[in-house]
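A.B. asks: Coordinates in target-v7.pdb, PDB, C-alpha atoms, are listed below.
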MODEL        1
ATOM      1  CA  MET A   1      24.558  -0.142 -13.469
ATOM      2  CA  SER A   2      27.539   1.644 -15.010
ATOM      3  CA  TRP A   3      31.161   0.814 -14.259
ATOM      4  CA  ASP A   4      31.573   3.927 -12.090
ATOM      5  CA  ASP A   5      29.091   2.904  -9.374
ATOM      6  CA  ASP A   6      31.394   3.114  -6.400
ATOM      7  CA  PRO A   7      31.183   1.087  -3.174
ATOM      8  CA  THR A   8      33.357   3.691  -1.408
ATOM      9  CA  ILE A   9      30.602   6.322  -1.649
ATOM     10  CA  ALA A  10      29.997   7.296   1.959
ATOM     11  CA  LYS A  11      26.531   6.493   3.289
ATOM     12  CA  GLY A  12      24.336   9.169   4.815
ATOM     13  CA  PHE A  13      22.540   9.041   8.152
ATOM     14  CA  ASP A  14      20.072   6.450   6.846
ATOM     15  CA  GLY A  15      22.987   4.098   6.059
ATOM     16  CA  VAL A  16      21.821   3.612   2.473
ATOM     17  CA  SER A  17      21.805   6.792   0.393
ATOM     18  CA  PRO A  18      25.097   8.496  -0.557
ATOM     19  CA  MET A  19      26.459  11.179   1.753
ATOM     20  CA  ARG A  20      25.753  14.501   0.087
ATOM     21  CA  GLN A  21      26.137  18.185   0.634
ATOM     22  CA  GLY A  22      23.859  19.816  -1.906
ATOM     23  CA  THR A  23      24.442  17.768  -5.045
ATOM     24  CA  VAL A  24      27.991  16.675  -4.148
ATOM     25  CA  GLU A  25      28.687  13.070  -3.079
ATOM     26  CA  LEU A  26      31.599  12.036  -0.879
ATOM     27  CA  ALA A  27      33.648   8.879  -1.499
ATOM     28  CA  TYR A  28      36.027   7.820   1.248
ATOM     29  CA  GLU A  29      38.854   5.318   0.924
ATOM     30  CA  ARG A  30      41.592   4.245   3.338
ATOM     31  CA  VAL A  31      44.468   2.389   1.642
ATOM     32  CA  GLY A  32      47.913   1.115   2.456
ATOM     33  CA  SER A  33      50.972   2.624   0.833
ATOM     34  CA  SER A  34      51.941   0.556  -2.189
ATOM     35  CA  ALA A  35      53.273   1.038  -5.686
ATOM     36  CA  ALA A  36      49.730   0.561  -7.012
ATOM     37  CA  SER A  37      48.117   3.101  -4.675
ATOM     38  CA  LEU A  38      50.731   5.728  -5.606
ATOM     39  CA  ALA A  39      51.107   4.849  -9.318
ATOM     40  CA  ALA A  40      48.776   7.433 -10.888
ATOM     41  CA  PRO A  41      47.442  10.881 -10.081
ATOM     42  CA  TRP A  42      44.792  10.612  -7.388
ATOM     43  CA  ARG A  43      41.253  10.950  -8.704
ATOM     44  CA  ALA A  44      40.243  13.651  -6.262
ATOM     45  CA  ILE A  45      37.010  14.538  -8.091
ATOM     46  CA  ASP A  46      34.817  12.787 -10.635
ATOM     47  CA  LEU A  47      32.347  14.739 -12.742
ATOM     48  CA  CYS A  48      29.915  12.430 -14.515
ATOM     49  CA  THR A  49      27.704  13.318 -17.440
ATOM     50  CA  ARG A  50      25.290  10.811 -18.973
ATOM     51  CA  ASN A  51      28.032   9.107 -21.027
ATOM     52  CA  THR A  52      31.347  10.418 -19.701
ATOM     53  CA  THR A  53      33.369  10.715 -16.482
ATOM     54  CA  TYR A  54      35.893  13.535 -16.191
ATOM     55  CA  THR A  55      38.484  12.698 -13.517
ATOM     56  CA  LEU A  56      40.253  15.595 -11.804
ATOM     57  CA  ASP A  57      43.268  15.816  -9.541
ATOM     58  CA  ALA A  58      43.325  18.001  -6.427
ATOM     59  CA  ARG A  59      44.423  20.988  -8.547
ATOM     60  CA  LEU A  60      41.176  20.672 -10.579
ATOM     61  CA  ARG A  61      43.109  19.501 -13.654
ATOM     62  CA  CYS A  62      41.422  16.904 -15.819
ATOM     63  CA  THR A  63      43.654  13.823 -15.698
ATOM     64  CA  ALA A  64      41.424  11.525 -17.767
ATOM     65  CA  VAL A  65      38.162  11.393 -19.686
ATOM     66  CA  LEU A  66      36.456   8.009 -19.408
ATOM     67  CA  ASP A  67      33.517   6.414 -21.209
ATOM     68  CA  ARG A  68      30.977   5.647 -18.444
ATOM     69  CA  GLY A  69      29.694   2.521 -20.183
ATOM     70  CA  THR A  70      33.081   0.847 -20.592
ATOM     71  CA  GLY A  71      35.488   2.766 -18.352
ATOM     72  CA  LYS A  72      37.854   3.147 -21.298
ATOM     73  CA  PRO A  73      39.880   6.380 -21.507
ATOM     74  CA  GLN A  74      39.483   8.869 -24.340
ATOM     75  CA  LYS A  75      43.188   9.768 -24.403
ATOM     76  CA  GLU A  76      42.951  12.453 -27.109
ATOM     77  CA  HIS A  77      39.982  14.281 -25.522
ATOM     78  CA  LEU A  78      40.298  18.083 -25.548
ATOM     79  CA  PHE A  79      39.697  18.340 -21.782
ATOM     80  CA  VAL A  80      42.631  16.121 -20.698
ATOM     81  CA  GLY A  81      45.036  18.561 -19.037
ATOM     82  CA  ALA A  82      42.442  21.363 -18.899
ATOM     83  CA  GLU A  83      41.434  23.094 -15.661
ATOM     84  CA  LEU A  84      37.932  22.986 -14.238
ATOM     85  CA  VAL A  85      36.798  26.557 -13.561
ATOM     86  CA  GLY A  86      33.245  25.872 -12.379
ATOM     87  CA  GLY A  87      29.754  25.156 -13.599
ATOM     88  CA  ALA A  88      27.222  26.992 -15.722
ATOM     89  CA  GLU A  89      23.441  26.811 -15.874
ATOM     90  CA  ARG A  90      22.053  28.162 -19.137
ATOM     91  CA  THR A  91      18.736  28.813 -20.825
ATOM     92  CA  ASP A  92      17.843  26.830 -23.958
ATOM     93  CA  LYS A  93      19.228  29.772 -25.955
ATOM     94  CA  GLY A  94      22.562  29.706 -24.093
ATOM     95  CA  ARG A  95      22.106  32.679 -21.764
ATOM     96  CA  LEU A  96      23.892  32.227 -18.434
ATOM     97  CA  LEU A  97      21.460  31.857 -15.520
ATOM     98  CA  ALA A  98      23.821  30.769 -12.735
ATOM     99  CA  ALA A  99      27.472  29.920 -12.199
ATOM    100  CA  ALA A 100      29.053  27.721  -9.540
ATOM    101  CA  HIS A 101      32.663  27.644  -8.395
ATOM    102  CA  PRO A 102      34.810  25.639  -7.871
ATOM    103  CA  LEU A 103      32.547  22.698  -8.789
ATOM    104  CA  PRO A 104      29.423  22.518 -10.940
ATOM    105  CA  GLU A 105      26.197  21.322  -9.382
ATOM    106  CA  VAL A 106      24.229  18.417 -10.778
ATOM    107  CA  GLY A 107      22.243  19.743 -13.742
ATOM    108  CA  MET A 108      24.873  22.338 -14.678
ATOM    109  CA  HIS A 109      27.484  22.114 -17.410
ATOM    110  CA  ALA A 110      31.097  21.759 -16.180
ATOM    111  CA  VAL A 111      33.269  24.558 -17.582
ATOM    112  CA  PHE A 112      36.904  23.830 -18.461
ATOM    113  CA  ARG A 113      39.713  26.185 -19.429
ATOM    114  CA  GLY A 114      42.656  25.104 -21.538
ATOM    115  CA  GLU A 115      45.237  26.513 -23.867
ATOM    116  CA  ARG A 116      46.072  25.753 -27.485
ATOM    117  CA  ASN A 117      48.783  27.544 -29.448
ATOM    118  CA  ARG A 118      49.218  29.933 -26.492
ATOM    119  CA  ARG A 119      45.567  30.975 -26.715
ATOM    120  CA  PRO A 120      43.145  30.281 -23.898
ATOM    121  CA  TRP A 121      39.858  28.505 -24.578
ATOM    122  CA  TRP A 122      36.790  27.695 -22.472
ATOM    123  CA  ASN A 123      34.426  24.838 -23.202
ATOM    124  CA  GLU A 124      31.569  23.049 -21.463
ATOM    125  CA  THR A 125      30.475  19.469 -20.946
ATOM    126  CA  SER A 126      26.940  18.240 -21.329
ATOM    127  CA  LYS A 127      24.866  18.374 -18.117
ATOM    128  CA  VAL A 128      26.529  16.887 -15.053
ATOM    129  CA  VAL A 129      24.620  14.012 -13.398
ATOM    130  CA  ARG A 130      27.050  13.236 -10.524
ATOM    131  CA  VAL A 131      29.745  15.155  -8.643
ATOM    132  CA  ILE A 132      31.954  12.944  -6.452
ATOM    133  CA  ILE A 133      34.701  14.226  -4.164
ATOM    134  CA  ARG A 134      37.133  11.408  -3.370
ATOM    135  CA  GLN A 135      38.880  11.611  -0.003
ATOM    136  CA  ARG A 136      41.767   9.155   0.333
ATOM    137  CA  VAL A 137      43.837   8.348   3.390
ATOM    138  CA  VAL A 138      47.110   6.540   2.661
ATOM    139  CA  GLU A 139      48.571   4.630   5.615
ATOM    140  CA  PHE A 140      52.331   4.046   5.895
ATOM    141  CA  SER A 141      54.392   1.373   7.605
ATOM    142  CA  LEU A 142      56.567   2.469  10.500
ATOM    143  CA  ASP A 143      59.331   0.249   9.067
ATOM    144  CA  ALA A 144      59.936   2.404   5.978
ATOM    145  CA  PRO A 145      60.150   6.147   5.386
ATOM    146  CA  PRO A 146      57.055   7.680   3.771
ATOM    147  CA  PRO A 147      57.323   8.871   0.176
ATOM    148  CA  ALA A 148      57.614  12.539  -0.759
ATOM    149  CA  TRP A 149      54.416  14.611  -0.944
ATOM    150  CA  ASP A 150      54.633  14.830  -4.749
ATOM    151  CA  ARG A 151      54.478  11.029  -4.831
ATOM    152  CA  ILE A 152      51.593  10.883  -2.338
ATOM    153  CA  THR A 153      49.516  13.437  -4.261
ATOM    154  CA  GLY A 154      50.417  12.119  -7.730
ATOM    155  CA  ARG A 155      52.094  15.358  -8.813
ATOM    156  CA  ASP A 156      55.091  13.404 -10.123
ATOM    157  CA  THR A 157      52.986  11.197 -12.423
ATOM    158  CA  GLN A 158      51.578  11.951 -15.872
ATOM    159  CA  PRO A 159      47.862  12.557 -16.556
ATOM    160  CA  GLY A 160      45.793   9.810 -18.155
ATOM    161  CA  TYR A 161      44.722   6.308 -17.144
TER     162      TYR A 161
ENDMDL
END
If you convert what's in this file into structure tokens, what do you get?
C.D. replies:
Amino acid sequence: MSWDDDPTIAKGFDGVSPMRQGTVELAYERVGSSAASLAAPWRAIDLCTRNTTYTLDARLRCTAVLDRGTGKPQKEHLFVGAELVGGAERTDKGRLLAAAHPLPEVGMHAVFRGERNRRPWWNETSKVVRVIIRQRVVEFSLDAPPPAWDRITGRDTQPGY
């Protein structure tokens, strides 16, 4: 069992297996408004390879790259801050067989786009083994005004965990 096994993964009709559409899993969480629940960019999507989890915000930007065995962030990873552009299925010789957008399917390589020295680059992960969309509902007290949308969505916080 790796650290990213998630009890919020929604259960399918059998009540046991994860809720899926194709190869995408759905995690659902309902939380109260607190400093902790609004402290970091919301992990809207997790892409897991055998050894790594790439966490994405709702804009498909990579906010953190985590070691799946330990959960520790790889803060200097090339993909932190990069944009997910889809998924690629390739032959053993690298020829493109299929592309998926906006998310890769399990078995594909996630494709990220970034920029270095004002030059765009594209790079791929190893094969994806899990794709998790994380739906979060934040509940607010009627006694206090709700925070601004940038605070709710994590747009006013910095990437990285």
A.B. asks: So how far away is CA of Gln74 (chain A) from CA of Val24 (chain A), in Å?
C.D. replies: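 About the pair CA of Val24 (chain A) and CA of Gln74 (chain A): they are 24.5 Å apart.
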A.B. asks: Which value, in Å to one decimal, gives the distance between CA of Lys72 (chain A) and CA of Trp149 (chain A)?
C.D. replies: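 Between CA of Lys72 (chain A) and CA of Trp149 (chain A) the gap works out to 28.6 Å.
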A.B. asks: Evaluate the PyMOL selection byres ((chain A and resi 118-135) around 7) and record the selected residues as a PyMOL selection string, following the chain and residue labels used in the document.
C.D. replies: chain A and resi 23-29+43-50+106-117+136-137
A.B. asks: When you count only C-alpha atoms, which of these residues is closest to Pro102 (chain A): A:Arg90, A:Gly32, A:Ile152, A:Ala58?
C.D. replies: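 Checking each candidate against Pro102 (chain A), we get A:Ala58 as the closest.
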A.B. asks: If I take CA of Pro146 (chain A) and CA of Ser34 (chain A), how far is one from the other in Å, to one decimal?
C.D. replies: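 A separation of 10.6 Å between them.
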A.B. asks: Using all atoms listed in the file and a cutoff of 6 Å, can you tell me which residues are near (30.5, 26.4, -14.2) in the file's coordinates, and write them out as a VMD selection string?
C.D. replies: chain A and resid 86 to 88 99 to 100 104 110 to 111
A.B. asks: Mind working out the centre and edge lengths of an axis-aligned box for region 100-116 of chain A, all listed atoms inside, 8 Å added to each side, rounded to one decimal in Å and written as lines of an AutoDock Vina configuration file?
C.D. replies:
center_x = 34.2
center_y = 23.1
center_z = -17.7
size_x = 39.8
size_y = 25.3
size_z = 35.6
A.B. asks: Here is a test: counting only C-alpha atoms, which residue of A:Leu142, A:Leu84, A:Val65, A:Leu60 is nearest to Ser33 (chain A)?
C.D. replies: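 With only C-alpha atoms as the atom set, the closest residue is A:Leu142.
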